[in-house]
Amino acid sequence: MSLKSVVKREIKRIYKEPLFWTVAFIMPLAMCLVICLIFSKGSPTDMPIAVMNNDNSAFSRMFVRDLEALPSCSIKYNVTSLEEGRQLLTEGKVYAFVAIPRDFQRDIYRLKQPKLLFYYNNQRILIGGIISKDVTMLVQTMMVGLDATIRSKRGLPMDEAIKQANLIRVNEHVRSNPYFNYQYFLSIVAFGHILQIHLILTMLWALGTEFKYGTTKDWLKSADNSIIKAFFGKLIPYFAIFLMLFAILFGTYFIIMGIPYTGDWFMGILSTLLFIFTCCCISIIFISINGNFRYGLSNAAFYVAMGFAFAGVTYPVMVMPFIAKAYSATLPLSYWVQVMIDQSLRQIPIIYDFKHINSMLILSALGLLALIRLKKLAMDEKRWYQS
Amino acid sequence: MKKLIGIIKDEFDLFRKESGAMLIMIIGVVAYSIFYMLPYSTEIIKEAPIGVVDFDGTKMSHEFIRNLNATDSVEVVSRPVSIDEAKHQFYKGDIKGYVIVPRNFQKEIKRGAQAVVSTYADSSYLIIYKTIYSAVVQTAINYGARIEVGKLLKKGMPKDVALTVKQPFEFVQVPLYNPAGGYETYVYPVILILILHQTLVVGIGLMQGTRHELKENYCKKEDDIPLTLFGRSTAYVLLYMFYSIFYFLIYPAIGKYPMSYNLLPLVLILLPMFYGACFFSHTISYYFKKRESSLLILVVTSLIFIFLPGLIWPKEAIPQWLNLVAYFIPATCGVDGIIKVNQMNASFWNVRYDFLWLIFLCWFYFATSIYVIKKKFNNKNED
């Protein structure tokens, strides 16, 4: 029966805190919705570029038309000098600049190998990468086309000529993100990051305020002095709230926004439940350092604030140095995000994801071990009312 | 002037006593900057591990694979015998992609027909995907061209003409500002600016939160509010200008990322950004009744602050109205301006709009801060 009384007690405490719903429920939901909004337009398209066409031949005009037709670029400026184009790049008005020199077409036919210049802003590697990939593909197609034209002039049928001009063709199969929508990855890790902060800090609040207000003995008493019951009783109402949060978020993300989920639902749900549980267990560690709410909060805030960069989605963990790998391994987010991406986009058989599940189990076990120390602290009245 | 120096000194004294703000504005600034260097410190992903399934097993297919392995962007670490085995290694994460060389690869090429090589690469990391894909395409083009040129030479065409036919013009790619395509060069400078901005906003939020919890007024009734506000903010701006020496002069030298050291425009962007952030924080902290809430809210919103300036995810792909909102965060123009000055070698003229907007934000938030401080006075009087 004691579990029930802890739950009841906890619900009363939540009820008394006016800010609770804002911080634990509305804030994370609002933040996640902003993330959805940021990515709502989909992949970046029509990014501004500049073109210098000093050739103005039939060939160069066709090339400029093809450039404009590329999904990633849109020609915003037509310039007449290299200086002007580079100026636009420096001011950040365009991301790339293509320069076609004078007599380009004539020089091609005279076999003079003229130079086609392509400058792009690689400081922004995401955009630079997308644009340069598109432009490079276009140029390569053009070269094959020119080669094939020369061959067909020698009497080969055009389709044969194209094949000969392009002896080895590379067939592109995009694994795991067929639509190349980078925002799927970014948004999942962004949600995870926001929720991880909220889960850990909310649970920390739930535990820490017992010390802050000097109510730890009362809390333990309601659980017949069993720290396990005390913790799980406390956990239940929060777990329910977090589940609601995830349900709303996933509903919006996968159903309303129509983000594909191609994998196994069971694995997605299992990992999400474990993610919530592991985050809550991690909070125990921070509060059982010395039973000081503010101290635990500062430490935990410091620990979770960097999760986004270290979860290994924006940058692969495999190439990080040891300390970064170690830090990444302590974050429940790293494992949850892997499972979510594997299941929603990569269509990986679930057997490959059990290692992430195990890692989360280990982390939560470590958190639960800290309960032993937490109980000691909770019995110690000197830990009360610390600021 | 004397008064101003007095206010600055008083604020430093107060700051020294406030352990939470100290933690964030001193230890945080130092620790975060070092910690964030870690994940990217290996810079470019040098050789992405891939597998090759060779169904042909001829001289030409071996040569093709050798050429692929010789590129500096991929390394052939495994030679799975079947597609299933390749998939298994891919799922396990041992390889980041695999290439399939079809049966009859050599035969097709020899008779002048087209051979099709298939690449399967993981696009979860755009950078890795791009690396693998372009390595395979480059190898295919170069290898194909070599065979072609060989054929043309046999037919008696002069070598330079043969080469020109295969490559009618030269395509010169110039990746600017980050020639090596390093992820650190891309992300780290932005993160540094955001660390400064966020810690400044949170730190002042904490100082204000403490004042609220102690039910203290911002200053005495007879004090000059604008001067006090300006003076206290100047204390932090001075501290942050000191950090900037490390952040923008010393770290780039250690991290070896491109930096142009245009000091004047850098200072002209940094100053209004720091002041803007101070006043911004004074304004919003009015709404934080408790000390912890300023910390909580700002830790949580920091991710949004990272996305809104449009450096991770381009502005062009963010809804227009959100971009408008973003412009009211001092970091947005600050990041833009500083990246242009530091990484893209821009002059002051190139960043004039960022500068002007930041100056406007300073005045705007200065006015709103004074407004909320006065409002607080009035609220108190009514109590």
# chains A, B, ... in the order shown; residues from 1 in each chain; ligands from 1
call {"tool": "residues_around", "arguments": {"residues": "Asn53 in chain A", "least_positions_apart": "2", "cutoff": "10 Å", "atoms": "only C-alpha atoms", "output": "JSON, numbers by chain"}}
result
{"A": [50, 51, 55, 56, 57, 60, 61, 63, 64, 78, 79, 80, 81, 98, 99, 100, 101, 102, 104]}
call {"tool": "closest_atom_pairs", "arguments": {"of": "chain B", "to": "chain A", "cutoff": "7 Å", "atoms": "only C-alpha atoms", "output": "CSV"}}
result
residue,atom,partner,partner_atom,distance
B:Leu38,CA,A:Ala324,CA,5.8
B:Pro39,CA,A:Met320,CA,4.9
B:Tyr40,CA,A:Met320,CA,6.5
B:Thr42,CA,A:Met320,CA,6.5
B:Ile45,CA,A:Val319,CA,6.9
B:Tyr91,CA,A:Ile348,CA,6.4
B:Lys92,CA,A:Tyr352,CA,6.4
B:Ile109,CA,A:Leu167,CA,6.4
B:Gly112,CA,A:Gln164,CA,5.7
B:Ala113,CA,A:Lys163,CA,6.0
B:Gln114,CA,A:Leu167,CA,4.8
B:Ala115,CA,A:Ile168,CA,4.9
B:Val116,CA,A:Arg169,CA,4.8
B:Val117,CA,A:Val170,CA,4.9
B:Ser118,CA,A:Asn171,CA,4.5
B:Thr119,CA,A:Glu172,CA,5.4
B:Tyr120,CA,A:His173,CA,4.8
B:Ala121,CA,A:Arg175,CA,5.4
B:Asp122,CA,A:Arg175,CA,5.0
B:Ser123,CA,A:Asn177,CA,5.7
B:Ser124,CA,A:Asn177,CA,6.5
B:Val137,CA,A:Val170,CA,6.2
B:Ala140,CA,A:Ile168,CA,5.6
B:Ile141,CA,A:Ile168,CA,6.9
B:Gly144,CA,A:Leu167,CA,5.4
B:Thr164,CA,A:Leu111,CA,6.2
B:Val165,CA,A:Asp147,CA,6.4
B:Lys166,CA,A:Asp147,CA,6.4
B:Gln167,CA,A:Met143,CA,6.7
B:Pro168,CA,A:Gln113,CA,5.5
B:Phe169,CA,A:Gln113,CA,4.2
B:Glu170,CA,A:Lys115,CA,4.7
B:Phe171,CA,A:Leu116,CA,4.9
B:Val172,CA,A:Leu117,CA,5.0
B:Gln173,CA,A:Phe118,CA,4.9
B:Val174,CA,A:Tyr119,CA,4.6
B:Pro175,CA,A:Tyr120,CA,5.2
B:Leu176,CA,A:Asn121,CA,5.1
B:Tyr177,CA,A:Gln123,CA,5.4
B:Asn178,CA,A:Gln123,CA,5.0
B:Pro179,CA,A:Asn122,CA,6.7
B:Gly181,CA,A:Asn122,CA,6.3
B:Thr185,CA,A:Gln123,CA,6.9
B:Tyr186,CA,A:Gln123,CA,5.3
B:Val299,CA,A:Ala305,CA,6.4
B:Val300,CA,A:Ile194,CA,6.5
B:Leu311,CA,A:Arg124,CA,6.9
B:Pro314,CA,A:Pro44,CA,6.9
B:Glu316,CA,A:Pro44,CA,6.5
B:Ala317,CA,A:Pro44,CA,4.8
B:Ile318,CA,A:Ile38,CA,5.1
B:Pro319,CA,A:Ile38,CA,6.6
B:Lys340,CA,A:Thr90,CA,6.7
B:Met344,CA,A:Thr90,CA,5.9
B:Ala346,CA,A:Thr90,CA,5.8
B:Asn350,CA,A:Glu91,CA,5.2
B:Val351,CA,A:Glu91,CA,6.8
call {"tool": "atom_distance", "arguments": {"atom1": "CA of Asp223 in chain B", "atom2": "CA of Leu271 in chain B"}}
result
25.2 Å
call {"tool": "residues_around", "arguments": {"residues": "Gln208 in chain B", "least_positions_apart": "3", "cutoff": "8 Å", "atoms": "only C-alpha atoms", "output": "list in words"}}
result
Ile204, Gly205, Arg211, His212, His282, Ser285, Tyr286 and Arg291 of chain B
call {"tool": "write_last_selection", "arguments": {"atoms": "N, CA, C and O atoms", "output": "mmCIF file, in the first residue's frame"}}
result
data_model
loop_
_atom_site.group_PDB
_atom_site.id
_atom_site.type_symbol
_atom_site.label_atom_id
_atom_site.label_comp_id
_atom_site.auth_asym_id
_atom_site.auth_seq_id
_atom_site.Cartn_x
_atom_site.Cartn_y
_atom_site.Cartn_z
ATOM 1 N N ILE B 204 23.597 36.944 -16.210
ATOM 2 C CA ILE B 204 22.873 38.138 -15.770
ATOM 3 C C ILE B 204 21.485 37.747 -15.278
ATOM 4 O O ILE B 204 21.007 38.286 -14.277
ATOM 5 N N GLY B 205 20.878 36.774 -15.939
ATOM 6 C CA GLY B 205 19.577 36.288 -15.486
ATOM 7 C C GLY B 205 19.653 35.784 -14.045
ATOM 8 O O GLY B 205 18.770 36.039 -13.240
ATOM 9 N N ARG B 211 18.402 38.882 -7.064
ATOM 10 C CA ARG B 211 17.801 40.148 -6.598
ATOM 11 C C ARG B 211 16.303 39.951 -6.363
ATOM 12 O O ARG B 211 15.766 40.420 -5.364
ATOM 13 N N HIS B 212 15.658 39.242 -7.277
ATOM 14 C CA HIS B 212 14.223 39.038 -7.123
ATOM 15 C C HIS B 212 13.923 38.214 -5.883
ATOM 16 O O HIS B 212 13.009 38.512 -5.135
ATOM 17 N N HIS B 282 18.555 41.555 -19.129
ATOM 18 C CA HIS B 282 17.886 42.387 -18.119
ATOM 19 C C HIS B 282 16.385 42.432 -18.384
ATOM 20 O O HIS B 282 15.587 42.387 -17.458
ATOM 21 N N SER B 285 14.729 38.800 -17.869
ATOM 22 C CA SER B 285 14.806 38.246 -16.512
ATOM 23 C C SER B 285 13.748 38.866 -15.601
ATOM 24 O O SER B 285 13.502 38.372 -14.511
ATOM 25 N N TYR B 286 13.124 39.917 -16.071
ATOM 26 C CA TYR B 286 12.018 40.493 -15.317
ATOM 27 C C TYR B 286 10.948 39.438 -15.068
ATOM 28 O O TYR B 286 10.261 39.436 -14.060
ATOM 29 N N ARG B 291 15.287 32.137 -8.992
ATOM 30 C CA ARG B 291 16.641 32.050 -9.484
ATOM 31 C C ARG B 291 16.812 30.881 -10.458
ATOM 32 O O ARG B 291 17.390 31.026 -11.516
#
call {"tool": "residues_around", "arguments": {"residues": "range 262-265 of chain B", "least_positions_apart": "5", "cutoff": "8 Å", "atoms": "only C-alpha atoms", "output": "ChimeraX atom specification"}}
result
/B:341-342,345,347-348
call {"tool": "atom_distance", "arguments": {"atom1": "CA of Gly310 in chain B", "atom2": "CA of Thr332 in chain B"}}
result
7.9 Å
call {"tool": "select_by_dssp", "arguments": {"residues": "range 48-291 of chain A", "states": "strand (DSSP E)", "output": "PDB file with C-alpha atoms, in the first residue's frame"}}
result
ATOM      1  CA  PRO A  48      21.131  32.106 -53.708  1.00  0.00           C
ATOM      2  CA  ILE A  49      24.104  31.876 -56.063  1.00  0.00           C
ATOM      3  CA  ALA A  50      25.776  34.317 -58.465  1.00  0.00           C
ATOM      4  CA  VAL A  51      26.804  33.698 -62.055  1.00  0.00           C
ATOM      5  CA  MET A  52      29.266  35.477 -64.296  1.00  0.00           C
ATOM      6  CA  ASN A  53      28.648  34.667 -67.947  1.00  0.00           C
ATOM      7  CA  CYS A  73      20.325  26.779 -56.396  1.00  0.00           C
ATOM      8  CA  SER A  74      18.673  29.866 -57.658  1.00  0.00           C
ATOM      9  CA  ILE A  75      20.590  32.553 -59.547  1.00  0.00           C
ATOM     10  CA  LYS A  76      20.112  35.774 -57.611  1.00  0.00           C
ATOM     11  CA  TYR A  77      22.877  37.867 -59.153  1.00  0.00           C
ATOM     12  CA  ASN A  78      24.384  38.148 -62.609  1.00  0.00           C
ATOM     13  CA  VAL A  79      27.772  39.752 -62.265  1.00  0.00           C
ATOM     14  CA  ALA A  96      28.300  29.998 -54.496  1.00  0.00           C
ATOM     15  CA  PHE A  97      29.577  31.720 -57.577  1.00  0.00           C
ATOM     16  CA  VAL A  98      30.088  30.217 -61.044  1.00  0.00           C
ATOM     17  CA  ALA A  99      32.338  32.063 -63.487  1.00  0.00           C
ATOM     18  CA  ILE A 100      32.268  31.280 -67.202  1.00  0.00           C
ATOM     19  CA  LYS A 115      38.706  26.888 -67.172  1.00  0.00           C
ATOM     20  CA  LEU A 116      35.281  26.934 -65.571  1.00  0.00           C
ATOM     21  CA  LEU A 117      35.538  28.444 -62.108  1.00  0.00           C
ATOM     22  CA  PHE A 118      33.275  27.446 -59.250  1.00  0.00           C
ATOM     23  CA  TYR A 119      33.617  29.165 -55.886  1.00  0.00           C
ATOM     24  CA  TYR A 120      31.499  28.079 -52.983  1.00  0.00           C
ATOM     25  CA  ASN A 121      31.190  28.934 -49.317  1.00  0.00           C
ATOM     26  CA  ILE A 168      31.645   3.265 -65.887  1.00  0.00           C
ATOM     27  CA  ARG A 169      28.422   4.625 -64.544  1.00  0.00           C
ATOM     28  CA  VAL A 170      27.871   4.875 -60.817  1.00  0.00           C
ATOM     29  CA  ASN A 171      24.458   3.922 -59.632  1.00  0.00           C
ATOM     30  CA  GLU A 172      23.563   5.805 -56.493  1.00  0.00           C
ATOM     31  CA  HIS A 173      21.664   4.021 -53.728  1.00  0.00           C
ATOM     32  CA  VAL A 174      21.078   6.168 -50.724  1.00  0.00           C
ATOM     33  CA  ARG A 175      20.866   3.981 -47.670  1.00  0.00           C
TER      34      ARG A 175
END
call {"tool": "atom_distance", "arguments": {"atom1": "CA of Phe35 in chain B", "atom2": "CA of Gly20 in chain B"}}
result
19.7 Å
call {"tool": "decode", "arguments": {"residues": "range 351-364 of chain A", "atoms": "all heavy atoms", "output": "compact mmCIF listing (two decimals), in the first residue's frame"}}
result
# COMPACT_ATOMS: atom_id res chain seq x y z
N ILE A 351 17.53 -6.71 -34.28
CA ILE A 351 18.57 -7.43 -33.56
C ILE A 351 19.82 -6.57 -33.37
O ILE A 351 20.50 -6.65 -32.37
CB ILE A 351 18.90 -8.76 -34.28
CG1 ILE A 351 19.91 -9.58 -33.50
CG2 ILE A 351 19.43 -8.56 -35.67
CD1 ILE A 351 19.29 -10.89 -33.07
N TYR A 352 20.08 -5.66 -34.34
CA TYR A 352 21.28 -4.83 -34.26
C TYR A 352 21.13 -3.72 -33.23
O TYR A 352 22.08 -3.02 -32.93
CB TYR A 352 21.60 -4.21 -35.62
CG TYR A 352 21.97 -5.24 -36.65
CD1 TYR A 352 21.04 -5.71 -37.56
CD2 TYR A 352 23.28 -5.73 -36.71
CE1 TYR A 352 21.38 -6.66 -38.50
CE2 TYR A 352 23.63 -6.68 -37.65
CZ TYR A 352 22.67 -7.15 -38.55
OH TYR A 352 23.02 -8.08 -39.47
N ASP A 353 19.92 -3.51 -32.73
CA ASP A 353 19.70 -2.39 -31.82
C ASP A 353 19.67 -2.80 -30.35
O ASP A 353 19.59 -1.94 -29.48
CB ASP A 353 18.39 -1.68 -32.17
CG ASP A 353 18.62 -0.67 -33.27
OD1 ASP A 353 19.76 -0.21 -33.40
OD2 ASP A 353 17.66 -0.36 -34.00
N PHE A 354 19.73 -4.12 -30.10
CA PHE A 354 19.65 -4.51 -28.70
C PHE A 354 20.84 -4.05 -27.89
O PHE A 354 20.75 -3.85 -26.69
CB PHE A 354 19.45 -6.03 -28.58
CG PHE A 354 18.00 -6.39 -28.74
CD1 PHE A 354 17.53 -6.98 -29.90
CD2 PHE A 354 17.09 -6.09 -27.72
CE1 PHE A 354 16.19 -7.28 -30.05
CE2 PHE A 354 15.75 -6.38 -27.88
CZ PHE A 354 15.30 -6.98 -29.05
N LYS A 355 21.97 -3.82 -28.56
CA LYS A 355 23.13 -3.36 -27.80
C LYS A 355 22.87 -1.98 -27.20
O LYS A 355 23.31 -1.67 -26.10
CB LYS A 355 24.39 -3.37 -28.66
CG LYS A 355 24.34 -2.51 -29.90
CD LYS A 355 25.74 -2.45 -30.55
CE LYS A 355 25.78 -1.43 -31.67
NZ LYS A 355 25.77 -1.98 -33.02
N HIS A 356 22.08 -1.15 -27.93
CA HIS A 356 21.76 0.18 -27.37
C HIS A 356 20.81 0.04 -26.18
O HIS A 356 20.94 0.75 -25.20
CB HIS A 356 21.10 1.06 -28.44
CG HIS A 356 21.97 1.26 -29.65
ND1 HIS A 356 23.26 1.72 -29.55
CD2 HIS A 356 21.74 1.04 -30.97
CE1 HIS A 356 23.79 1.79 -30.76
NE2 HIS A 356 22.90 1.38 -31.64
N ILE A 357 19.87 -0.90 -26.31
CA ILE A 357 18.95 -1.14 -25.21
C ILE A 357 19.73 -1.57 -23.96
O ILE A 357 19.51 -1.07 -22.86
CB ILE A 357 17.93 -2.24 -25.61
CG1 ILE A 357 17.10 -1.78 -26.81
CG2 ILE A 357 17.06 -2.66 -24.43
CD1 ILE A 357 16.07 -0.73 -26.50
N ASN A 358 20.68 -2.49 -24.17
CA ASN A 358 21.50 -2.95 -23.04
C ASN A 358 22.25 -1.80 -22.39
O ASN A 358 22.32 -1.72 -21.17
CB ASN A 358 22.50 -4.01 -23.51
CG ASN A 358 21.80 -5.31 -23.84
OD1 ASN A 358 20.69 -5.54 -23.36
ND2 ASN A 358 22.43 -6.13 -24.66
N SER A 359 22.80 -0.93 -23.23
CA SER A 359 23.57 0.18 -22.67
C SER A 359 22.68 1.04 -21.79
O SER A 359 23.10 1.51 -20.72
CB SER A 359 24.16 1.04 -23.78
OG SER A 359 24.89 0.24 -24.66
N MET A 360 21.44 1.29 -22.23
CA MET A 360 20.55 2.11 -21.42
C MET A 360 20.23 1.39 -20.11
O MET A 360 20.14 2.03 -19.06
CB MET A 360 19.27 2.43 -22.18
CG MET A 360 19.47 3.53 -23.20
SD MET A 360 17.94 4.32 -23.72
CE MET A 360 17.48 3.30 -25.10
N LEU A 361 20.06 0.07 -20.19
CA LEU A 361 19.80 -0.69 -18.96
C LEU A 361 20.95 -0.55 -17.97
O LEU A 361 20.74 -0.38 -16.78
CB LEU A 361 19.56 -2.17 -19.30
CG LEU A 361 18.18 -2.50 -19.87
CD1 LEU A 361 18.11 -3.95 -20.31
CD2 LEU A 361 17.09 -2.20 -18.84
N ILE A 362 22.16 -0.62 -18.49
CA ILE A 362 23.33 -0.48 -17.61
C ILE A 362 23.33 0.89 -16.95
O ILE A 362 23.54 1.02 -15.75
CB ILE A 362 24.64 -0.72 -18.39
CG1 ILE A 362 24.70 -2.18 -18.85
CG2 ILE A 362 25.86 -0.36 -17.55
CD1 ILE A 362 25.84 -2.49 -19.80
N LEU A 363 23.09 1.93 -17.76
CA LEU A 363 23.07 3.28 -17.21
C LEU A 363 22.03 3.43 -16.11
O LEU A 363 22.29 4.01 -15.06
CB LEU A 363 22.76 4.30 -18.31
CG LEU A 363 23.91 4.86 -19.13
CD1 LEU A 363 23.40 5.93 -20.08
CD2 LEU A 363 24.97 5.46 -18.21
N SER A 364 20.83 2.88 -16.35
CA SER A 364 19.80 3.05 -15.32
C SER A 364 20.14 2.23 -14.08
O SER A 364 19.85 2.66 -12.96
CB SER A 364 18.41 2.70 -15.86
OG SER A 364 18.45 1.58 -16.68
